[in-house]
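Below is one structure, written out as structure tokens; comments come after it.
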Amino acid sequence: MAAISRAQLTKELLPGLNALFGLTYNEYPLEFMDIYSEYSSERSFEEDQKLTGFGSAPVKQEGSATLFDTAQEGYTTRYIMETYSLGFALTQEAYEDNLYDSLSARYVKELARSMRNTKEIKAAAILNNGFTTYGVGDGVSLFNTAHPQIAGPTIANRPTVAVDLNETSLEDAITQISRWTDDRGKLINVRVKKLVVAPENQWTAQKVLETQLQVGTANNTINAIRSSSAVPEGFVTNHFLVDPDAFFLTTDVPEGFKYFNRVPESNESDPDFDTGNLRWKTRARYAFGASDFLAAWASPGA
């Protein structure tokens, strides 16, 4: 077990030290909460099951029998609870030489910062990997041009040709969302909620959503996205998105992005009998994921 010793912290033992820095930076608010709904869990995993309904009603000819439709299960999404833990130790000698009071509280707070950073990375990974490796259970990636449906046709929640964020691409995305259907081909009313972008894209997002007239032109034409409140919750910046020009639209479809909190973050400390070192650790157990792919539309950027 590695432990922090006096040799690693010599300056803290000498007179004339004015300040310690490097552990007290400001943090962004929890950004994953702009995307995920939080649930508690008491299981090692949680599952969401998709169901399919009925098709449209056919014409019933006089004297003929009523058509009886059937329903079935679609894909299953499983959320597996994973444990995350981190700790540090302080040698007994460092403790005896009064490094405990000056450093232990700082490093306990640093553990919390590390755990928080991990949670943001894990949450953003669903979006970052949504074009390639992460899927919801239907056999394709979360953001795909051909999500299979029971009765067809396939559904796309990304553009056929990747596009950057601009007024036209956003209008096209909102239009595409308005044409979505359920697994039996019935039109569903899906509304966009918010736009999620990386820091490099926040300036474009603000121009597209908040300019009163058309963006970047001399035309005296209204900004239709803004005037119609097509993105009612505006945009949020997520600093853990890795692709600077990817952008994401969340929708009001239920059972979308989920955060299962199995074991909240907790701290423990105890002395190690063999070495006399003092040990601290923090631990949490949770899962991030998405169930219904219709909860979002995205483009990786051109």
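Each chain of the structure tokens is named A, B, ... in the order shown, its residues numbered from 1; ligands are numbered from 1 in display order.
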Problem set entry | Test item: residues at most 10 Å from region 234-239 of chain A, only C-alpha atoms, excluding those fewer than 3 positions along its chain, as a ChimeraX atom specification | /A:28,30-32,34-35,120-121,124,192-202,205-206,209-210,226,229-231,242,244,247-249
Output the selection as a tab-separated table (two decimals), in the first residue's frame - N, CA and C atoms for each residue.
```
chain	number	residue	atom	x	y	z
A	28	TYR	N	-17.24	23.17	-11.67
A	28	TYR	CA	-18.51	23.40	-12.34
A	28	TYR	C	-19.62	22.69	-11.57
A	30	LEU	N	-22.74	20.12	-11.08
A	30	LEU	CA	-22.89	18.78	-11.63
A	30	LEU	C	-23.58	18.86	-12.99
A	31	GLU	N	-22.81	18.62	-14.06
A	31	GLU	CA	-23.34	18.83	-15.40
A	31	GLU	C	-24.17	17.65	-15.89
A	32	PHE	N	-23.92	16.46	-15.37
A	32	PHE	CA	-24.69	15.31	-15.86
A	32	PHE	C	-26.15	15.39	-15.45
A	34	ASP	N	-28.05	17.78	-15.94
A	34	ASP	CA	-28.79	18.43	-17.02
A	34	ASP	C	-29.31	17.43	-18.05
A	35	ILE	N	-28.81	16.19	-17.99
A	35	ILE	CA	-29.13	15.19	-18.99
A	35	ILE	C	-29.88	14.00	-18.38
A	120	GLU	N	-18.69	12.44	-13.66
A	120	GLU	CA	-18.95	13.25	-14.85
A	120	GLU	C	-18.42	12.56	-16.11
A	121	ILE	N	-17.24	11.95	-16.01
A	121	ILE	CA	-16.65	11.25	-17.16
A	121	ILE	C	-17.52	10.07	-17.56
A	124	ALA	N	-20.76	11.35	-19.23
A	124	ALA	CA	-20.52	11.88	-20.57
A	124	ALA	C	-20.13	10.79	-21.55
A	192	VAL	N	-38.51	18.55	-28.47
A	192	VAL	CA	-37.14	18.81	-28.03
A	192	VAL	C	-37.17	19.56	-26.71
A	193	LYS	N	-36.25	19.23	-25.82
A	193	LYS	CA	-36.13	19.94	-24.55
A	193	LYS	C	-34.95	20.90	-24.56
A	194	LYS	N	-33.75	20.37	-24.75
A	194	LYS	CA	-32.58	21.24	-24.67
A	194	LYS	C	-31.48	20.76	-25.61
A	195	LEU	N	-30.55	21.66	-25.85
A	195	LEU	CA	-29.38	21.41	-26.68
A	195	LEU	C	-28.17	21.26	-25.75
A	196	VAL	N	-27.36	20.22	-25.99
A	196	VAL	CA	-26.17	19.97	-25.19
A	196	VAL	C	-24.95	20.07	-26.10
A	197	VAL	N	-23.99	20.90	-25.71
A	197	VAL	CA	-22.83	21.14	-26.56
A	197	VAL	C	-21.55	21.13	-25.73
A	198	ALA	N	-20.42	20.94	-26.42
A	198	ALA	CA	-19.10	21.08	-25.80
A	198	ALA	C	-18.76	22.56	-25.68
A	199	PRO	N	-17.77	22.91	-24.87
A	199	PRO	CA	-17.41	24.33	-24.70
A	199	PRO	C	-17.11	25.06	-26.00
A	200	GLU	N	-16.48	24.35	-26.95
A	200	GLU	CA	-16.13	25.01	-28.22
A	200	GLU	C	-17.36	25.39	-29.03
A	201	ASN	N	-18.48	24.78	-28.73
A	201	ASN	CA	-19.70	25.01	-29.51
A	201	ASN	C	-20.70	25.93	-28.82
A	202	GLN	N	-20.37	26.39	-27.62
A	202	GLN	CA	-21.34	27.18	-26.85
A	202	GLN	C	-21.65	28.52	-27.50
A	205	ALA	N	-24.08	27.88	-30.28
A	205	ALA	CA	-25.38	27.56	-29.70
A	205	ALA	C	-26.10	28.82	-29.25
A	206	GLN	N	-25.38	29.73	-28.64
A	206	GLN	CA	-26.01	30.96	-28.17
A	206	GLN	C	-26.51	31.81	-29.33
A	209	LEU	N	-29.68	30.03	-30.95
A	209	LEU	CA	-30.89	29.98	-30.13
A	209	LEU	C	-31.37	31.36	-29.67
A	210	GLU	N	-30.48	32.34	-29.56
A	210	GLU	CA	-30.87	33.58	-28.92
A	210	GLU	C	-30.87	34.80	-29.83
A	226	ARG	N	-35.98	30.43	-32.40
A	226	ARG	CA	-36.19	31.22	-31.19
A	226	ARG	C	-37.64	31.64	-31.04
A	229	SER	N	-39.92	28.87	-29.89
A	229	SER	CA	-39.48	28.16	-28.69
A	229	SER	C	-39.29	26.67	-28.98
A	230	ALA	N	-38.67	26.38	-30.11
A	230	ALA	CA	-38.47	24.99	-30.53
A	230	ALA	C	-37.51	24.24	-29.62
A	231	VAL	N	-36.64	24.97	-28.90
A	231	VAL	CA	-35.74	24.37	-27.91
A	231	VAL	C	-36.01	25.10	-26.59
A	242	VAL	N	-16.00	15.05	-25.48
A	242	VAL	CA	-14.66	15.03	-26.06
A	242	VAL	C	-14.61	15.57	-27.49
A	244	PRO	N	-15.38	18.39	-30.00
A	244	PRO	CA	-15.75	19.80	-29.88
A	244	PRO	C	-16.93	20.23	-30.73
A	247	PHE	N	-23.02	17.73	-31.22
A	247	PHE	CA	-24.09	18.37	-30.46
A	247	PHE	C	-25.25	17.40	-30.30
A	248	PHE	N	-26.02	17.60	-29.24
A	248	PHE	CA	-27.04	16.65	-28.83
A	248	PHE	C	-28.32	17.39	-28.46
A	249	LEU	N	-29.44	16.82	-28.84
A	249	LEU	CA	-30.75	17.34	-28.45
A	249	LEU	C	-31.44	16.31	-27.57
```
For this session: Could you give me, as an MDAnalysis selection string, each residue of region 58-288 of chain A that DSSP assigns to strand (DSSP E) when run on this structure's backbone?
Result: chainID A and resid 72:80 82:90 192:197 235:237 247:251 257:271 278:288
Expected file: the selected residues, C-alpha atoms, as a tab-separated table (two decimals), in the first residue's frame:
```tsv
chain	number	residue	atom	x	y	z
A	72	GLN	CA	-44.70	-8.21	-27.91
A	73	GLU	CA	-41.56	-7.24	-26.12
A	74	GLY	CA	-38.85	-5.25	-27.80
A	75	TYR	CA	-35.27	-4.86	-26.62
A	76	THR	CA	-34.02	-4.88	-23.02
A	77	THR	CA	-31.61	-2.34	-21.54
A	78	ARG	CA	-29.58	-3.39	-18.52
A	79	TYR	CA	-27.86	-1.05	-16.07
A	80	ILE	CA	-25.03	-2.79	-14.21
A	82	GLU	CA	-20.26	-0.57	-10.82
A	83	THR	CA	-18.20	0.34	-7.77
A	84	TYR	CA	-15.74	3.24	-7.80
A	85	SER	CA	-13.31	3.74	-4.93
A	86	LEU	CA	-10.18	5.76	-4.22
A	87	GLY	CA	-8.06	6.30	-1.14
A	88	PHE	CA	-4.82	7.57	0.32
A	89	ALA	CA	-2.66	6.80	3.33
A	90	LEU	CA	-0.45	8.94	5.56
A	192	VAL	CA	-37.14	18.81	-28.03
A	193	LYS	CA	-36.13	19.94	-24.55
A	194	LYS	CA	-32.58	21.24	-24.67
A	195	LEU	CA	-29.38	21.41	-26.68
A	196	VAL	CA	-26.17	19.97	-25.19
A	197	VAL	CA	-22.83	21.14	-26.56
A	235	PHE	CA	-28.63	24.98	-24.29
A	236	VAL	CA	-26.20	23.65	-21.69
A	237	THR	CA	-22.45	23.25	-21.95
A	247	PHE	CA	-24.09	18.37	-30.46
A	248	PHE	CA	-27.04	16.65	-28.83
A	249	LEU	CA	-30.75	17.34	-28.45
A	250	THR	CA	-32.63	15.81	-25.53
A	251	THR	CA	-36.36	15.20	-25.89
A	257	PHE	CA	-31.10	8.87	-19.86
A	258	LYS	CA	-30.91	7.32	-16.39
A	259	TYR	CA	-28.55	7.50	-13.42
A	260	PHE	CA	-29.05	4.72	-10.86
A	261	ASN	CA	-27.55	5.61	-7.49
A	262	ARG	CA	-26.94	2.24	-5.79
A	263	VAL	CA	-24.61	3.39	-2.99
A	264	PRO	CA	-24.08	7.13	-2.39
A	265	GLU	CA	-20.54	8.36	-1.90
A	266	SER	CA	-19.22	7.65	1.59
A	267	ASN	CA	-15.89	8.10	3.39
A	268	GLU	CA	-14.08	5.81	5.82
A	269	SER	CA	-10.80	6.00	7.70
A	270	ASP	CA	-8.84	3.64	9.93
A	271	PRO	CA	-5.29	2.87	11.06
A	278	LEU	CA	-3.58	6.18	8.64
A	279	ARG	CA	-5.83	5.33	5.70
A	280	TRP	CA	-8.77	7.12	4.11
A	281	LYS	CA	-11.01	5.92	1.32
A	282	THR	CA	-14.16	6.97	-0.47
A	283	ARG	CA	-16.57	4.68	-2.31
A	284	ALA	CA	-19.68	4.88	-4.48
A	285	ARG	CA	-21.66	2.48	-6.65
A	286	TYR	CA	-23.83	3.56	-9.56
A	287	ALA	CA	-24.70	3.15	-13.23
A	288	PHE	CA	-25.34	5.49	-16.14
```
Exercise. Using only C-alpha atoms, which residues sit within 10 Å of region 134-140 of chain A once same-chain residues fewer than 2 positions away are excluded, as a ChimeraX atom specification?
Worked result: /A:48-50,74-78,125-132,142-149,256,289-293
Exercise. Would you give me, as JSON, numbers by chain, the residues in region 56-121 of chain A that DSSP reads as helix (DSSP H, G or I)?
Worked result: {"A": [92, 93, 94, 95, 96, 99, 100, 101, 102, 103, 104, 105, 106, 107, 108, 109, 110, 111, 112, 113, 114, 115, 116, 117, 118, 119, 120, 121]}
Output C-alpha atoms for every residue in the selection just made, as a PDB file, in the first residue's frame.
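out-v3.pdb, written as the output of this step:
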```
ATOM      1  CA  GLN A  92       2.589   7.151  11.008  1.00  0.00           C
ATOM      2  CA  GLU A  93       5.692   9.336  11.103  1.00  0.00           C
ATOM      3  CA  ALA A  94       4.031  12.014   8.981  1.00  0.00           C
ATOM      4  CA  TYR A  95       1.080  11.886  11.344  1.00  0.00           C
ATOM      5  CA  GLU A  96       3.321  12.229  14.389  1.00  0.00           C
ATOM      6  CA  LEU A  99       1.117  16.679   8.921  1.00  0.00           C
ATOM      7  CA  TYR A 100      -2.260  15.167   9.787  1.00  0.00           C
ATOM      8  CA  ASP A 101      -3.944  18.431  10.756  1.00  0.00           C
ATOM      9  CA  SER A 102      -2.612  20.419   7.815  1.00  0.00           C
ATOM     10  CA  LEU A 103      -3.194  17.883   5.046  1.00  0.00           C
ATOM     11  CA  SER A 104      -5.780  15.221   5.895  1.00  0.00           C
ATOM     12  CA  ALA A 105      -8.815  17.479   5.458  1.00  0.00           C
ATOM     13  CA  ARG A 106      -7.431  18.809   2.185  1.00  0.00           C
ATOM     14  CA  TYR A 107      -6.877  15.342   0.757  1.00  0.00           C
ATOM     15  CA  VAL A 108     -10.265  14.098   1.913  1.00  0.00           C
ATOM     16  CA  LYS A 109     -11.777  16.946  -0.101  1.00  0.00           C
ATOM     17  CA  GLU A 110      -9.523  15.989  -2.982  1.00  0.00           C
ATOM     18  CA  LEU A 111     -10.956  12.461  -2.874  1.00  0.00           C
ATOM     19  CA  ALA A 112     -14.408  13.984  -3.288  1.00  0.00           C
ATOM     20  CA  ARG A 113     -13.201  16.009  -6.285  1.00  0.00           C
ATOM     21  CA  SER A 114     -11.775  12.873  -7.878  1.00  0.00           C
ATOM     22  CA  MET A 115     -14.995  10.921  -7.344  1.00  0.00           C
ATOM     23  CA  ARG A 116     -17.040  13.768  -8.775  1.00  0.00           C
ATOM     24  CA  ASN A 117     -14.777  13.993 -11.824  1.00  0.00           C
ATOM     25  CA  THR A 118     -15.117  10.240 -12.390  1.00  0.00           C
ATOM     26  CA  LYS A 119     -18.901  10.465 -12.261  1.00  0.00           C
ATOM     27  CA  GLU A 120     -18.954  13.249 -14.851  1.00  0.00           C
ATOM     28  CA  ILE A 121     -16.652  11.250 -17.156  1.00  0.00           C
TER      29      ILE A 121
END
```
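The environment of region 177-182 of chain A within 8 Å, counting only C-alpha atoms and disregarding residues fewer than 5 places along the same chain, consists of A:Thr52, A:Gln149, A:Ile155, A:Asn157, A:Leu187, A:Ile188, A:Asn189, A:Val190, A:Arg191, A:Val192, A:Trp297.
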Exercise. Near Ser56 (chain A), within 12 Å and counting only C-alpha atoms, which residues show up once chain neighbours fewer than 5 positions away are dropped, as a PyMOL selection string?
Worked result: chain A and resi 67-69+151+181-187
Distance query Gln212 (chain A) at most 8 Å, only C-alpha atoms, self and fewer than 3 positions along chain excluded, as a PDB file with C-alpha atoms, in the first residue's frame:
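Result file follows (part.pdb):
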```pdb
ATOM      1  CA  ILE A 222     -37.067  36.071 -37.805  1.00  0.00           C
ATOM      2  CA  ASN A 223     -35.069  33.344 -36.141  1.00  0.00           C
ATOM      3  CA  ARG A 226     -36.187  31.219 -31.186  1.00  0.00           C
ATOM      4  CA  SER A 227     -39.599  32.661 -32.020  1.00  0.00           C
TER       5      SER A 227
END
```
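Taking CA of Gln214 (chain A) as the reference point, CA of Arg158 (chain A) is found at 23.9 Å.
If you count only C-alpha atoms and ignore residues fewer than 6 places along the chain from region 160-162 of chain A, what sits within 7 Å of it is Thr145, Ser299, Pro300, Gly301 and Ala302 of chain A.
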